[in-house]
$ cat run.csv   # CSV, N, CA and C atoms
chain,number,residue,atom,x,y,z
A,14,MET,N,-10.5,11.0,-1.6
A,14,MET,CA,-10.4,9.6,-1.3
A,14,MET,C,-11.3,9.3,-0.1
A,15,SER,N,-12.3,8.5,-0.2
A,15,SER,CA,-13.1,8.2,0.9
A,15,SER,C,-12.6,6.9,1.6
A,16,GLN,N,-12.5,6.9,2.9
A,16,GLN,CA,-12.0,5.7,3.6
A,16,GLN,C,-13.2,4.8,4.0
A,17,SER,N,-12.9,3.5,4.1
A,17,SER,CA,-14.0,2.6,4.5
A,17,SER,C,-13.8,2.4,6.0
A,18,LYS,N,-14.5,1.5,6.6
A,18,LYS,CA,-14.4,1.2,8.0
A,18,LYS,C,-13.1,0.4,8.3
A,19,ARG,N,-12.6,-0.4,7.4
A,19,ARG,CA,-11.4,-1.1,7.6
A,19,ARG,C,-10.2,-0.2,7.2
A,20,PRO,N,-9.2,-0.1,8.0
A,20,PRO,CA,-8.1,0.7,7.6
A,20,PRO,C,-7.4,0.0,6.4
A,21,GLY,N,-6.9,0.8,5.5
A,21,GLY,CA,-6.3,0.3,4.3
A,21,GLY,C,-7.2,0.0,3.1
A,22,VAL,N,-8.4,0.5,3.2
A,22,VAL,CA,-9.3,0.4,2.0
A,22,VAL,C,-9.8,1.8,1.7
A,23,ALA,N,-9.8,2.2,0.5
A,23,ALA,CA,-10.3,3.5,0.1
A,23,ALA,C,-10.9,3.5,-1.3
A,24,GLU,N,-11.9,4.3,-1.5
A,24,GLU,CA,-12.6,4.3,-2.8
A,24,GLU,C,-12.4,5.7,-3.4
A,25,ILE,N,-12.1,5.7,-4.7
A,25,ILE,CA,-11.9,7.0,-5.4
A,25,ILE,C,-12.7,7.0,-6.7
A,26,ARG,N,-12.9,8.1,-7.2
A,26,ARG,CA,-13.4,8.3,-8.6
A,26,ARG,C,-12.2,9.0,-9.3
A,27,VAL,N,-11.6,8.5,-10.3
A,27,VAL,CA,-10.4,9.0,-10.9
A,27,VAL,C,-10.6,10.4,-11.3
A,28,PRO,N,-9.8,11.3,-10.7
A,28,PRO,CA,-10.0,12.7,-11.0
A,28,PRO,C,-9.3,13.1,-12.4
A,29,PHE,N,-9.7,14.1,-13.0
A,29,PHE,CA,-9.2,14.6,-14.2
A,29,PHE,C,-7.6,14.8,-14.2
A,30,ARG,N,-7.2,15.3,-13.0
A,30,ARG,CA,-5.7,15.6,-12.9
A,30,ARG,C,-4.9,14.4,-13.0
A,31,ASP,N,-5.5,13.2,-12.8
A,31,ASP,CA,-4.7,11.9,-12.7
A,31,ASP,C,-4.7,11.2,-14.1
A,32,VAL,N,-5.2,11.8,-15.1
A,32,VAL,CA,-5.3,11.1,-16.4
A,32,VAL,C,-4.4,11.8,-17.5
A,33,ASP,N,-4.0,11.0,-18.4
A,33,ASP,CA,-3.2,11.6,-19.5
A,33,ASP,C,-4.1,12.0,-20.7
A,34,MET,N,-3.5,12.5,-21.8
A,34,MET,CA,-4.3,13.0,-22.9
A,34,MET,C,-5.1,11.9,-23.6
A,35,ASN,N,-4.9,10.7,-23.2
A,35,ASN,CA,-5.7,9.6,-23.8
A,35,ASN,C,-6.9,9.2,-22.8
A,36,GLY,N,-6.9,9.9,-21.6
A,36,GLY,CA,-7.9,9.6,-20.6
A,36,GLY,C,-7.6,8.5,-19.7
A,37,GLN,N,-6.3,8.0,-19.8
A,37,GLN,CA,-5.9,6.8,-18.9
A,37,GLN,C,-5.2,7.4,-17.7
A,38,MET,N,-5.4,6.7,-16.6
A,38,MET,CA,-4.7,7.1,-15.3
A,38,MET,C,-3.2,6.9,-15.4
A,39,PHE,N,-2.5,7.9,-14.9
A,39,PHE,CA,-1.0,7.8,-14.9
A,39,PHE,C,-0.6,6.7,-13.9
A,40,LEU,N,0.5,6.0,-14.3
A,40,LEU,CA,1.0,4.9,-13.4
A,40,LEU,C,1.4,5.5,-12.1
A,41,ALA,N,2.0,6.7,-12.1
A,41,ALA,CA,2.4,7.3,-10.8
A,41,ALA,C,1.2,7.5,-9.9
A,42,SER,N,0.1,7.7,-10.4
A,42,SER,CA,-1.1,8.0,-9.6
A,42,SER,C,-1.6,6.7,-8.9
A,43,TYR,N,-1.5,5.6,-9.5
A,43,TYR,CA,-1.8,4.3,-8.9
A,43,TYR,C,-0.9,4.1,-7.6
A,44,ILE,N,0.4,4.4,-7.8
A,44,ILE,CA,1.4,4.3,-6.7
A,44,ILE,C,1.1,5.3,-5.6
A,45,SER,N,0.8,6.5,-6.0
A,45,SER,CA,0.5,7.5,-5.0
A,45,SER,C,-0.7,7.2,-4.1
A,46,TYR,N,-1.8,6.7,-4.8
A,46,TYR,CA,-3.0,6.3,-4.0
A,46,TYR,C,-2.7,5.1,-3.2
A,47,ALA,N,-1.9,4.1,-3.7
A,47,ALA,CA,-1.5,2.9,-3.0
A,47,ALA,C,-0.7,3.3,-1.7
A,48,GLU,N,0.2,4.3,-1.8
A,48,GLU,CA,0.9,4.7,-0.6
A,48,GLU,C,0.0,5.3,0.4
A,49,SER,N,-1.0,6.1,0.0
A,49,SER,CA,-1.9,6.7,0.9
A,49,SER,C,-2.8,5.6,1.6
A,50,VAL,N,-3.2,4.6,0.9
A,50,VAL,CA,-3.9,3.5,1.5
A,50,VAL,C,-3.0,2.7,2.5
A,51,ILE,N,-1.8,2.5,2.2
A,51,ILE,CA,-0.9,1.8,3.1
A,51,ILE,C,-0.7,2.7,4.4
A,52,ALA,N,-0.6,4.0,4.2
A,52,ALA,CA,-0.4,4.9,5.4
A,52,ALA,C,-1.7,4.8,6.3
A,53,SER,N,-2.8,4.7,5.7
A,53,SER,CA,-4.1,4.5,6.5
A,53,SER,C,-4.0,3.2,7.2
A,54,PHE,N,-3.6,2.1,6.5
A,54,PHE,CA,-3.5,0.8,7.1
A,54,PHE,C,-2.5,0.8,8.3
A,55,TRP,N,-1.3,1.4,8.0
A,55,TRP,CA,-0.2,1.4,9.0
A,55,TRP,C,-0.6,2.2,10.2
A,56,SER,N,-1.5,3.2,10.1
A,56,SER,CA,-1.9,4.0,11.3
A,56,SER,C,-2.6,3.2,12.3
A,57,ALA,N,-3.1,2.0,12.0
A,57,ALA,CA,-3.9,1.2,12.9
A,57,ALA,C,-3.0,0.2,13.6
A,58,ARG,N,-1.6,0.2,13.4
A,58,ARG,CA,-0.7,-0.8,14.0
A,58,ARG,C,-0.6,-0.5,15.5
A,59,PRO,N,-0.2,-1.5,16.3
A,59,PRO,CA,0.0,-1.2,17.7
A,59,PRO,C,1.2,-0.3,18.0
A,60,ASP,N,1.2,0.4,19.1
A,60,ASP,CA,2.3,1.2,19.5
A,60,ASP,C,3.4,0.3,20.0
A,61,VAL,N,4.6,0.6,19.6
A,61,VAL,CA,5.8,-0.2,19.9
A,61,VAL,C,6.9,0.8,20.4
A,62,ASP,N,7.5,0.4,21.5
A,62,ASP,CA,8.6,1.2,22.0
A,62,ASP,C,9.8,1.0,21.1
A,63,ASP,N,10.6,2.0,20.9
A,63,ASP,CA,11.8,2.0,20.1
A,63,ASP,C,11.6,1.3,18.7
A,64,GLU,N,10.5,1.8,18.1
A,64,GLU,CA,10.1,1.3,16.7
A,64,GLU,C,11.1,1.7,15.7
A,65,PRO,N,11.5,0.8,14.8
A,65,PRO,CA,12.4,1.2,13.7
A,65,PRO,C,11.7,2.1,12.7
A,66,VAL,N,12.5,2.8,11.9
A,66,VAL,CA,11.9,3.6,10.8
A,66,VAL,C,11.8,2.7,9.6
A,67,TYR,N,10.9,3.0,8.7
A,67,TYR,CA,10.6,2.1,7.6
A,67,TYR,C,10.8,3.0,6.3
A,68,SER,N,11.4,2.4,5.3
A,68,SER,CA,11.6,3.1,4.0
A,68,SER,C,11.3,2.1,2.9
A,69,ALA,N,10.8,2.6,1.8
A,69,ALA,CA,10.5,1.8,0.7
A,69,ALA,C,11.8,1.4,0.0
A,70,SER,N,11.9,0.1,-0.3
A,70,SER,CA,13.0,-0.4,-1.1
A,70,SER,C,12.6,-0.9,-2.4
A,71,LYS,N,11.4,-1.2,-2.7
A,71,LYS,CA,10.9,-1.6,-4.0
A,71,LYS,C,9.4,-1.2,-4.1
A,72,ILE,N,9.2,-0.7,-5.3
A,72,ILE,CA,7.8,-0.3,-5.7
A,72,ILE,C,7.6,-0.7,-7.1
A,73,SER,N,6.5,-1.5,-7.3
A,73,SER,CA,6.2,-1.9,-8.7
A,73,SER,C,4.7,-1.8,-8.9
A,74,CYS,N,4.3,-1.6,-10.1
A,74,CYS,CA,2.8,-1.5,-10.5
A,74,CYS,C,2.6,-2.4,-11.7
A,75,MET,N,1.6,-3.3,-11.5
A,75,MET,CA,1.2,-4.2,-12.6
A,75,MET,C,-0.1,-3.7,-13.1
A,76,LEU,N,-0.2,-3.2,-14.3
A,76,LEU,CA,-1.5,-2.7,-14.8
A,76,LEU,C,-2.2,-3.8,-15.6
A,77,HIS,N,-3.4,-4.2,-15.2
A,77,HIS,CA,-4.2,-5.2,-15.9
A,77,HIS,C,-5.0,-4.5,-17.0
A,78,ARG,N,-5.5,-3.3,-16.7
A,78,ARG,CA,-6.2,-2.5,-17.6
A,78,ARG,C,-6.3,-1.1,-17.0
A,79,PRO,N,-6.2,-0.1,-17.9
A,79,PRO,CA,-6.1,1.3,-17.3
A,79,PRO,C,-7.5,1.8,-16.8
A,80,LEU,N,-7.4,2.5,-15.7
A,80,LEU,CA,-8.6,3.2,-15.3
A,80,LEU,C,-8.7,4.5,-16.1
A,81,HIS,N,-9.9,5.0,-16.1
A,81,HIS,CA,-10.2,6.3,-16.9
A,81,HIS,C,-10.9,7.3,-16.0
A,82,HIS,N,-10.9,8.5,-16.5
A,82,HIS,CA,-11.5,9.7,-15.8
A,82,HIS,C,-12.9,9.3,-15.3
A,83,ASP,N,-13.1,9.6,-14.0
A,83,ASP,CA,-14.4,9.5,-13.3
A,83,ASP,C,-14.8,8.1,-13.1
A,84,GLU,N,-13.9,7.1,-13.3
A,84,GLU,CA,-14.2,5.7,-13.1
A,84,GLU,C,-14.0,5.4,-11.6
A,85,PRO,N,-14.9,4.7,-11.0
A,85,PRO,CA,-14.7,4.3,-9.5
A,85,PRO,C,-13.7,3.2,-9.4
A,86,ALA,N,-12.9,3.3,-8.3
A,86,ALA,CA,-11.9,2.3,-8.0
A,86,ALA,C,-11.8,2.1,-6.5
A,87,ILE,N,-11.6,0.9,-6.1
A,87,ILE,CA,-11.4,0.6,-4.7
A,87,ILE,C,-9.9,0.1,-4.5
A,88,PHE,N,-9.2,0.7,-3.6
A,88,PHE,CA,-7.8,0.4,-3.3
A,88,PHE,C,-7.8,-0.4,-2.0
A,89,THR,N,-7.3,-1.6,-2.0
A,89,THR,CA,-7.3,-2.4,-0.8
A,89,THR,C,-5.9,-2.9,-0.4
A,90,ALA,N,-5.4,-2.5,0.7
A,90,ALA,CA,-4.0,-2.9,1.2
A,90,ALA,C,-4.1,-4.2,1.9
A,91,ALA,N,-3.1,-5.1,1.6
A,91,ALA,CA,-3.0,-6.3,2.3
A,91,ALA,C,-1.5,-6.6,2.5
A,92,ILE,N,-1.2,-7.5,3.3
A,92,ILE,CA,0.2,-7.9,3.6
A,92,ILE,C,0.5,-9.1,2.7
A,93,ASP,N,1.6,-9.0,1.9
A,93,ASP,CA,1.9,-10.1,1.0
A,93,ASP,C,3.1,-10.9,1.5
A,94,LYS,N,4.0,-10.3,2.2
A,94,LYS,CA,5.2,-10.9,2.8
A,94,LYS,C,5.6,-10.3,4.1
A,95,ILE,N,6.1,-11.1,5.0
A,95,ILE,CA,6.6,-10.6,6.3
A,95,ILE,C,8.0,-11.3,6.4
A,96,GLY,N,9.0,-10.4,6.3
A,96,GLY,CA,10.4,-10.9,6.5
A,96,GLY,C,10.9,-10.6,7.9
A,97,VAL,N,12.1,-10.9,8.1
A,97,VAL,CA,12.8,-10.6,9.4
A,97,VAL,C,12.9,-9.1,9.5
A,98,ARG,N,13.3,-8.4,8.4
A,98,ARG,CA,13.6,-7.0,8.4
A,98,ARG,C,12.7,-6.2,7.4
A,99,SER,N,11.7,-6.9,6.8
A,99,SER,CA,10.9,-6.2,5.8
A,99,SER,C,9.5,-6.6,5.8
A,100,ILE,N,8.7,-5.7,5.2
A,100,ILE,CA,7.2,-6.0,5.0
A,100,ILE,C,6.9,-5.8,3.6
A,101,GLY,N,6.1,-6.7,3.0
A,101,GLY,CA,5.7,-6.6,1.6
A,101,GLY,C,4.2,-6.3,1.6
A,102,PHE,N,3.8,-5.2,1.1
A,102,PHE,CA,2.4,-4.8,0.9
A,102,PHE,C,2.0,-5.0,-0.5
A,103,LEU,N,0.8,-5.5,-0.7
A,103,LEU,CA,0.2,-5.6,-2.0
A,103,LEU,C,-1.2,-4.9,-2.0
A,104,VAL,N,-1.2,-3.8,-2.8
A,104,VAL,CA,-2.5,-3.0,-2.9
A,104,VAL,C,-3.2,-3.4,-4.2
A,105,SER,N,-4.4,-3.9,-4.0
A,105,SER,CA,-5.2,-4.3,-5.2
A,105,SER,C,-6.1,-3.1,-5.6
A,106,ILE,N,-6.2,-2.9,-6.9
A,106,ILE,CA,-7.1,-1.8,-7.4
A,106,ILE,C,-8.2,-2.4,-8.2
A,107,ASP,N,-9.4,-2.3,-7.7
A,107,ASP,CA,-10.5,-3.0,-8.4
A,107,ASP,C,-11.5,-1.9,-8.9
A,108,THR,N,-12.2,-2.2,-10.0
A,108,THR,CA,-13.3,-1.4,-10.4
A,108,THR,C,-14.4,-2.4,-10.8
A,109,GLY,N,-15.5,-2.2,-10.1
A,109,GLY,CA,-16.6,-3.2,-10.3
A,109,GLY,C,-16.1,-4.6,-9.9
A,110,ASP,N,-16.3,-5.6,-10.7
A,110,ASP,CA,-15.8,-7.0,-10.4
A,110,ASP,C,-14.5,-7.2,-11.1
A,111,GLU,N,-13.8,-6.2,-11.6
A,111,GLU,CA,-12.6,-6.4,-12.4
A,111,GLU,C,-11.3,-5.8,-11.7
A,112,ARG,N,-10.2,-6.6,-11.7
A,112,ARG,CA,-9.0,-6.1,-11.2
A,112,ARG,C,-8.3,-5.2,-12.2
A,113,ALA,N,-8.1,-3.9,-11.9
A,113,ALA,CA,-7.4,-3.0,-12.8
A,113,ALA,C,-5.9,-3.0,-12.7
A,114,ALA,N,-5.4,-3.1,-11.4
A,114,ALA,CA,-4.0,-3.0,-11.2
A,114,ALA,C,-3.6,-3.6,-9.8
A,115,GLU,N,-2.3,-3.8,-9.6
A,115,GLU,CA,-1.8,-4.2,-8.3
A,115,GLU,C,-0.5,-3.4,-8.1
A,116,VAL,N,-0.3,-2.9,-6.9
A,116,VAL,CA,0.9,-2.2,-6.6
A,116,VAL,C,1.6,-2.9,-5.5
A,117,GLU,N,2.8,-3.3,-5.7
A,117,GLU,CA,3.6,-4.0,-4.6
A,117,GLU,C,4.6,-3.0,-4.1
A,118,ILE,N,4.7,-2.9,-2.8
A,118,ILE,CA,5.6,-2.0,-2.1
A,118,ILE,C,6.3,-2.7,-1.0
A,119,ILE,N,7.6,-2.8,-1.0
A,119,ILE,CA,8.4,-3.4,0.1
A,119,ILE,C,9.0,-2.4,1.0
A,120,TRP,N,8.8,-2.5,2.3
A,120,TRP,CA,9.4,-1.6,3.2
A,120,TRP,C,10.5,-2.3,4.0
A,121,GLN,N,11.6,-1.7,4.2
A,121,GLN,CA,12.7,-2.2,5.0
A,121,GLN,C,12.7,-1.5,6.3
A,122,ALA,N,12.9,-2.3,7.4
A,122,ALA,CA,13.0,-1.7,8.7
A,122,ALA,C,14.5,-1.3,9.0
A,123,ARG,N,14.6,-0.1,9.5
A,123,ARG,CA,16.0,0.4,9.8
A,123,ARG,C,16.1,1.0,11.2
A,124,ASN,N,17.2,0.8,11.8
A,124,ASN,CA,17.5,1.4,13.1
A,124,ASN,C,17.5,3.0,13.0
A,125,SER,N,16.8,3.7,13.8
A,125,SER,CA,16.6,5.1,13.7
A,125,SER,C,17.9,5.9,13.9
A,126,GLU,N,18.9,5.3,14.7
A,126,GLU,CA,20.1,6.0,15.0
A,126,GLU,C,21.1,5.9,13.8
A,127,ASP,N,21.4,4.7,13.3
A,127,ASP,CA,22.4,4.6,12.3
A,127,ASP,C,21.9,4.1,10.9
A,128,GLN,N,20.6,3.9,10.8
A,128,GLN,CA,20.0,3.5,9.5
A,128,GLN,C,20.4,2.1,9.1
A,129,GLN,N,21.0,1.3,10.0
A,129,GLN,CA,21.3,-0.1,9.7
A,129,GLN,C,20.0,-0.9,9.7
A,130,PRO,N,20.0,-2.0,9.0
A,130,PRO,CA,18.8,-2.9,9.0
A,130,PRO,C,18.5,-3.3,10.4
A,131,ALA,N,17.1,-3.4,10.7
A,131,ALA,CA,16.7,-3.7,12.0
A,131,ALA,C,15.6,-4.8,11.8
A,132,SER,N,15.4,-5.6,12.9
A,132,SER,CA,14.4,-6.6,12.9
A,132,SER,C,13.0,-6.0,13.2
A,133,LEU,N,12.0,-6.6,12.6
A,133,LEU,CA,10.6,-6.1,12.9
A,133,LEU,C,10.3,-6.4,14.4
A,134,PRO,N,9.7,-5.5,15.1
A,134,PRO,CA,9.3,-5.8,16.5
A,134,PRO,C,8.3,-6.9,16.5
A,135,GLU,N,8.3,-7.7,17.5
A,135,GLU,CA,7.4,-8.9,17.6
A,135,GLU,C,5.9,-8.5,17.6
A,136,GLU,N,5.6,-7.4,18.3
A,136,GLU,CA,4.2,-6.9,18.3
A,136,GLU,C,3.7,-6.5,16.9
A,137,THR,N,4.6,-5.9,16.2
A,137,THR,CA,4.3,-5.5,14.8
A,137,THR,C,4.1,-6.7,13.9
A,138,ARG,N,5.0,-7.7,14.1
A,138,ARG,CA,5.0,-8.9,13.3
A,138,ARG,C,3.7,-9.7,13.6
A,139,ASP,N,3.3,-9.8,14.8
A,139,ASP,CA,2.1,-10.5,15.2
A,139,ASP,C,0.8,-9.8,14.6
A,140,TRP,N,0.8,-8.5,14.7
A,140,TRP,CA,-0.3,-7.7,14.1
A,140,TRP,C,-0.4,-7.9,12.6
A,141,LEU,N,0.8,-7.9,11.9
A,141,LEU,CA,0.8,-8.0,10.4
A,141,LEU,C,0.3,-9.4,10.0
A,142,TYR,N,0.6,-10.4,10.8
A,142,TYR,CA,0.1,-11.8,10.4
A,142,TYR,C,-1.4,-11.9,10.3
A,143,ARG,N,-2.1,-11.0,11.0
A,143,ARG,CA,-3.6,-11.0,10.9
A,143,ARG,C,-4.1,-10.6,9.5
A,144,PHE,N,-3.2,-9.9,8.7
A,144,PHE,CA,-3.6,-9.4,7.4
A,144,PHE,C,-2.9,-10.1,6.2
A,145,LEU,N,-2.1,-11.1,6.5
A,145,LEU,CA,-1.3,-11.8,5.5
A,145,LEU,C,-2.3,-12.5,4.6
A,146,ASP,N,-2.1,-12.3,3.2
A,146,ASP,CA,-2.9,-12.9,2.2
A,146,ASP,C,-2.4,-14.3,1.9
$ encode --input "run.csv" --output "structure tokens"
Amino acid sequence: MSQSKRPGVAEIRVPFRDVDMNGQMFLASYISYAESVIASFWSARPDVDDEPVYSASKISCMLHRPLHHDEPAIFTAAIDKIGVRSIGFLVSIDTGDERAAEVEIIWQARNSEDQQPASLPEETRDWLYRFLD
């Protein structure tokens, strides 16, 4: 997976290990790559004291058309929703000028001590608004 200059963007060529016997990319692979792109995006966030922990509460993949072995694809992470205690990521997967799929991942913020829901830190929220679609 090659990274671009902007965090949260990566280009791949679909490897053989990620396709089924019909040559189509597994749905789980779209999600796995999307999570990697979000991790890259998330690594650019500002440092925050007493930051909550984040865990996925929803993951969905909408397939517009399957990718195939050795086909190029660009994964781009964006912010879809910013809640009081959650962040909604939308990762678009494009090949050429065509949208192949979209992966939606919702993260819930939780207090690290007792795992109770926590509010997003203001610094994180301000940073996220820069990427809101």
$ residues_around --input "run.csv" --residues "A:Ala69" --least-positions-apart "5" --cutoff "6 Å" --atoms "only N, CA and C atoms" --output "list in words"
Ile119, Trp120 and Gln121 of chain A
$ select_by_dssp --input "run.csv" --residues "chain A" --states "helix (DSSP H, G or I)" --output "list in words"
Phe29, Arg30, Asp31, Leu40, Ala41, Ser42, Tyr43, Ile44, Ser45, Tyr46, Ala47, Glu48, Ser49, Val50, Ile51, Ala52, Ser53, Phe54, Trp55, Glu135, Glu136, Thr137, Arg138, Asp139, Trp140, Leu141 and Tyr142 of chain A
$ closest_residue --input "run.csv" --among "A:Val22, A:Phe29, A:Leu145, A:Asp110" --to "A:Asp83" --atoms "only N, CA and C atoms"
A:Phe29
$ residues_around --input "run.csv" --residues "A:Arg112" --least-positions-apart "2" --cutoff "8 Å" --atoms "all atoms listed in the file" --output "list in words"
Leu76, His77, Arg78, Pro79, Ser105, Ile106, Asp107, Thr108, Gly109, Asp110, Ala114 and Glu115 of chain A
$ atom_distance --input "run.csv" --atom1 "atom N of A:Asn124" --atom2 "atom N of A:Ala91"
23.5 Å
